[in-house]
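Step one of this worksheet: look at the structure below.
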Number of protein chains: 4
Amino acid sequence: MTAQAAARVDVDALLARCGAVRAQTEALAAPLSEADCQAQSMPDASPVKWHLAHVTWFFETFVLAPHERDFEPFHPAYRVLFNSYYNAVGDKHPRPQRGLITRPGLAEVLRYRRQVDDRLAALALRAARDSALAAAIEPLLTLGLQHEQQHQELLLTDLKHLLSLNPLQPAYQPRWPLAPVRAAAPHGWLAHEAGLVETGHDAARGGFAFDNESPRHRSWLRPFEIGSRLVTHGEWATFVADGGYRDARWWLAAGWDWVQAQRIEAPLYWRREPGDDHGEGWSTFTLNGRVPLDPHTPVVHLSLYEADAYARWRGATDASCRGARLPTEAEWEHAAAPHEASGLAEGLFLESGALHPMPAAREATPGVPAQLFGSVWQWTASAYAPYPGYQPWAGAVAEYNAKFMIDQTVLRGGSCASPRSHLRASYRNFFPAATRWQFAGLRLARDL
Amino acid sequence: MTAQAAARVDVDALLARCGAVRAQTEALAAPLSEADCQAQSMPDASPVKWHLAHVTWFFETFVLAPHERDFEPFHPAYRVLFNSYYNAVGDKHPRPQRGLITRPGLAEVLRYRRQVDDRLAALALRAARDSALAAAIEPLLTLGLQHEQQHQELLLTDLKHLLSLNPLQPAYQPRWPLAPVRAAAPHGWLAHEAGLVETGHDAARGGFAFDNESPRHRSWLRPFEIGSRLVTHGEWATFVADGGYRDARWWLAAGWDWVQAQRIEAPLYWRREPGDDHGEGWSTFTLNGRVPLDPHTPVVHLSLYEADAYARWRGATDASCRGARLPTEAEWEHAAAPHEASGLAEGLFLESGALHPMPAAREATPGVPAQLFGSVWQWTASAYAPYPGYQPWAGAVAEYNAKFMIDQTVLRGGSCASPRSHLRASYRNFFPAATRWQFAGLRLARDL
Amino acid sequence: MTAQAAARVDVDALLARCGAVRAQTEALAAPLSEADCQAQSMPDASPVKWHLAHVTWFFETFVLAPHERDFEPFHPAYRVLFNSYYNAVGDKHPRPQRGLITRPGLAEVLRYRRQVDDRLAALALRAARDSALAAAIEPLLTLGLQHEQQHQELLLTDLKHLLSLNPLQPAYQPRWPLAPVRAAAPHGWLAHEAGLVETGHDAARGGFAFDNESPRHRSWLRPFEIGSRLVTHGEWATFVADGGYRDARWWLAAGWDWVQAQRIEAPLYWRREPGDDHGEGWSTFTLNGRVPLDPHTPVVHLSLYEADAYARWRGATDASCRGARLPTEAEWEHAAAPHEASGLAEGLFLESGALHPMPAAREATPGVPAQLFGSVWQWTASAYAPYPGYQPWAGAVAEYNAKFMIDQTVLRGGSCASPRSHLRASYRNFFPAATRWQFAGLRLARDL
Amino acid sequence: MTAQAAARVDVDALLARCGAVRAQTEALAAPLSEADCQAQSMPDASPVKWHLAHVTWFFETFVLAPHERDFEPFHPAYRVLFNSYYNAVGDKHPRPQRGLITRPGLAEVLRYRRQVDDRLAALALRAARDSALAAAIEPLLTLGLQHEQQHQELLLTDLKHLLSLNPLQPAYQPRWPLAPVRAAAPHGWLAHEAGLVETGHDAARGGFAFDNESPRHRSWLRPFEIGSRLVTHGEWATFVADGGYRDARWWLAAGWDWVQAQRIEAPLYWRREPGDDHGEGWSTFTLNGRVPLDPHTPVVHLSLYEADAYARWRGATDASCRGARLPTEAEWEHAAAPHEASGLAEGLFLESGALHPMPAAREATPGVPAQLFGSVWQWTASAYAPYPGYQPWAGAVAEYNAKFMIDQTVLRGGSCASPRSHLRASYRNFFPAATRWQFAGLRLARDL
């Protein structure tokens, strides 16, 4: 990562933050049995236990190994066992077999966490008296914490997928944590003029950012409008009822192949339930168990194919949304950046404990898009590509982001499973187009 | 299953046997963590927890449900969750997803076992005063125990496969339980004359047998010889060193395709280790951890393809074994049946605690094949097919054996993971030709 | 192959037979375009052009190469290109890519045939003056002709499969060659006593047989009955209408998996057609184009799974067929051998030009099963295994049959696409259980 | 497609062009046998016969069907049989089964072409007297010709792939058509300043363009340099020799997975040949047969993964190319557009008959990149996405381009198999990242 001029690294603050983030991860795993932490529901997902170990491996490998005196690993086999995808570090245990590693057990992995925490603290003590060391480890520790926050979200999405496959439909949290939901605000449009805009992380403002958010660069935007809020479950149910999943007109060719091959009929986790007098209804699976679909909440667990098809359908069938499409990431960031502070403050994040998106407030500020941050990741129309002039970080962490810049699509804004402090307007998430198990939804845009 | 005239069913004895078998299953699982019991290493294998629950489901479904007054299941979802393959019982949870059922947890499954044990005991008490009930449940209880014994072996083979995939190569048992091994006895031949022989379960002798062992029937055998002991790891290593896995001449066409597609170079669990002065050596994985290959022990974890190819190679290259082949199951049973009592007594079974085959004693009785029972299952040349006049059991247990009689091959004799009381000379095990994770080896035969 | 004491080989007769068989192959291909001869519809099937070349390769490789003076191949690349499965001969072109060999073209392959024919004739001329050579080549030439006859049938089954995939449903023969069909004879049973019977090729009687038909050997048969004729399309339609394809009770486990995974609802080539007043009807595809299903003709294009399920269904639901099952191959041969001469004479074979099974004559001889030979291959209950004492032929032709003796099932009797002179009572055909594109049907049997 | 104000459509000129393009397609097929035209080497490729029919279907469906009086199709089944991917037209024959359509035969397809040509001529005659009709059909006829030109290139790439799989390595053209090749010009860089540039089809200039080239739009470019010529086979051989295919550092993650799973070691069609004194050499397959690799010719048959990895390797290991990467499509077009006229004139296109890229001329104009057009398609760093404000054509041809805008990458410039009149600076070709059988190579770029 880019070296930062750390005039004075506040080691105490860093350690406090380290403690808080690491504790938060373990709090997420606390309600789970060893069996819950062991199972891997698909190759794309990882066991909870693996997440707990891998984020620890990250600190051990990238912070302790190069800087600890007389470094010795907690266990020599962990270098391979808990490496995710760093070829520069060496071999990796095959991803689809992560769920087969029953030893070390959960208790041993927690002991691994404890030991690495202690060694990080000891290293930080040394750094408090050694400013060169402090400058060297500060960005790596920070990266390790950002990395662990990413895995907090993945831990939850992977766990949700696992629990959803159990016919008993078990809940991660026993009770629904929020007050009854209200009707969603009406959908409107917020206009932007044409112009040469700047997006990407502004190094001058400071603060952490991943390498893929830089450099800040110019793009020419044509005039466009962006939706005033996220698309809701209720709006999506209309798309389903209108035969949206059976009409090739709305779909990208690859999306249509996917819908047919996988027999997709609704977003992931939706299930038709025997109805009352008003006909059958939909339910969906949440970390609070299976619940009736709430029409006012943002729709979630969409693939890009679905989000894209919906926008095309909405743009062709709803006069008030004529020409709807997904926003590009430059449009999204240009629209969101001015409202970053308030948007993050209002957003529904991991800290809320809801773990499911909630309706937009009716009293949203006029002229400001609601739900810019949190709730659900917003698929964009932009392929995940290097920004002009992009330089990956140096060293093994060069593999962190750069090598994934092909055939993935950018999502923006964070979700109800993202830690609030992890997000910002320039943040770029990315997944393949068929991905459904992330907390991903959409916001509309259109040309003016 | 065939109704048995149970003039007087000894309910106490049955309950005692029930307690012993059920306790043995739990003793096998006792050294394992919940994680060890959760993971499923491949679709053909099942998690230990699933075995613990499924054998209990078998009693609940086939003994309690039809005979208990006011039957109520422990949990309604278990009927589907722990059904293995009984279409007559209803839906089944998909086999490859057994490892994803993290709830119920292990403690809940053990509670399930306790409750079913208690209800079986209560039913038996009623049967002690109700001879019709006793006659009705005795064969079902017996079948349930035989079934649970089969799963004791599968629990161990599935667990061994799981542990083998862990780079840490963890041991199920911490220490090697036996004295140092001795050289194997030399290989010899035992001759049999031609004639019309009878094989299959002799109903007149009584005792339990599966439906597939009946009826007793005649076969004409040509004169043949059978090997005096099992083929050893050392003999197999010669086959490997002779290029046996790279020479199409020895292999069935399907076996040769399999060897090439899977890049098979040695039996399952073998690994080449960096050698000493004498060149590299082989190790193998056991339930006691990874150990150097012992040349004197019976070779194990073979597919039928390998066993068949070996026999052809040995028959073509070893003058003392000219014309070697696998025995048919009629030949095997004809040779083994006269020695059933002593063979079972001497055999290396689950109860030995070795969980790995051991060398044949040098002082084997002259004229009697050694290692007829226990140690390793012996692949035969016989397709698994109905005996002439075969009738499956009536009812849902008709599915126990009959529907698998295609494209599988019979194995005989039991293994070091089979409970001794579960075996007999007429016992027919069966697996597809490519199966490797069972404790399967071979004994040679040839025409006279 | 077994050396035959050819006291006097009639070279002229052999050459005449050679000319007739070779001409028959080309006559089968004559109505086809180069495109028809090029395409390969699935890995299991081969292009017509490949068949034309491969049978020629067989003569060149096994007759000319070892016996011709100064042997030079027609083209050095053909040794690999047209080798089917003989590892002893060397490399093989990948089977699924046979349809991609557009060069040599069809004309070149026909030129190859001409040249090899000429060289065989020249060799035979030498053999007429050299009895040792005559004795050496006679069995190989004979084998080559038998081999070419097998490929005549395969050429037709492969071609039928190819044409069936064309939405235009083109006919190989333009017009239906036979008179209107009559009602099938009623189904009855023919009884056989228990006893020790002999089956397999009787070397003393002379004549050609494949190695897998030897040695003649004894089997003990229990009393049984065999069906008086083949099962018909009409009888099969009743099975379909009764939900036979949707009821797990009738199916082997592997068959049930296959039915569900492949969504099988009827025999291969059946298609539901919009109906008249009497509801929808079935059509089937033949080498004469798509035609309405004739209920009186023998049902054809069944997998073993279907034949086996049908027998179980018929045995459970039709009082007159209680206990029906498939015959073993020993039962079939024991029942058929006494009627070999008349059965072959009456059978519907390739020479009829029908290329589709026809109804059994009502006036069938009392006490003699109808349709023993020709019409459709009859699935048996017997796995394809070596007979006791079996010895494969020596040399490269050892691979002809022996290496396929696993996970295949025996069919007996020949079909409407088999040359009459190719068949006999001891003939063993074999295919995997899911095979459907062969002309395969069934005859029932049951225990007495 | 966008309606064009066709003040006066020159029907005669259009018909002449139609005749020339259609004749060119048939000339490409003329040297081929019916077998060559029949086979399909992989699902991504199509048989030559299918190409001949499909481009005809395009005219019949989009020009004749809506505008011919009393339209009747040549054959009703062709609507499905020769539809490529237009859902709006209806069903499609499954793409992987195109090679199984042996009827209609080649002669019938050529008759289809004749008839449609005649009907197009008759329609054009009507249009000469009916300016509304002329205005309606002119853009559709033009599109049909552009479409047929695209398939001329695909016909050759698909045929090359087919012939390459034949062990005989047959040549499409018998003799190498060009003079001995010269050394490539040295590689240099051409610089461009930063600025807001316009790319995309300029509607004001007129001429045909696909919908995906519009609208013309602005992009901000940072200062960059572009390579003075294409990368050569010789330069690529250095990458191979340097272990480029075995070093994860150079590869995108998906590319590295692909290299390892497919065991890729060199570009498609390369083969190591036994060497002379100087060690082994490489050969490659061309439409003129297998030839030794010429180091001076542009490298061809690369996937995007390979092109991207090469640029990264070159940028890290060659001081004169420090920071090399692939150009974006905006950079490429900005650099190429000023030289469109001369570049097209000099480019090596289909009309040259070479069908293989040739070396750049040493005497290239200073300051002008060589080989901008023709020779090999140039992979860019740009995902295939809609231009800002993009509107697909109306009607069924909306499916022509728009629905493929996901997970594909843009290529620019045309190849030795592209008709010259088909290309222009704004032309966007696109393929998935793993595509190798197209005539695709690369040109380097880098930041200034």
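For the structure tokens, the naming scheme is as follows: chains receive sequential letters (A, B, ...) according to their order of presentation, residues are indexed from 1 within each chain, and ligands are indexed from 1 in presentation order.
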Give as number ranges by chain every residue of chain C that touches chain D within 6 Å, counting only C-alpha atoms.
-> C: 34-36, 38-39, 100-102, 166
Just the residues within 7 Å of segment 112-122 of chain A, please, counting only C-alpha atoms, with nothing from its chain fewer than 5 positions along; format it as a PyMOL selection string.
-> chain A and resi 15+56+60+74
Tell me, in Å to one decimal, how far atom CA of His301 of chain A is from atom CA of Thr284 of chain A.
-> 10.2 Å
Spatial neighbours of segment 409-419 of chain C, max dist 7 Å, only C-alpha atoms, sep filter under 2 positions, as JSON, numbers by chain = {"C": [149, 153, 348, 349, 350, 351, 355, 356, 357, 372, 373, 374, 375, 376, 377, 378, 379, 380, 382, 383, 384, 407, 421, 422, 423, 425, 427, 428, 429, 430, 431, 432, 433, 439]}
Using backbone DSSP assignments, extract all alpha helix (DSSP H) residues from segment 131-333 of chain C; output them as a VMD selection string.
-> chain C and resid 131 to 164 233 to 241 253 to 262 304 to 317 329 to 333
Polymer residues at most 12 Å from segment 314-326 of chain D, only C-alpha atoms, same-chain spacing of 2 or more positions, as a PyMOL selection string | (chain A and resi 386+388-391) or (chain D and resi 186-189+224-228+230-231+235-236+238-240+242+244+249-250+304-312+328-332+378-382+409-412+441-448)
Two-atom distance - atom CA of Ser303 of chain B, atom CA of Thr435 of chain B (Å) |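 If I compute the distance from atom CA of Ser303 of chain B to atom CA of Thr435 of chain B, I get 5.0 Å.
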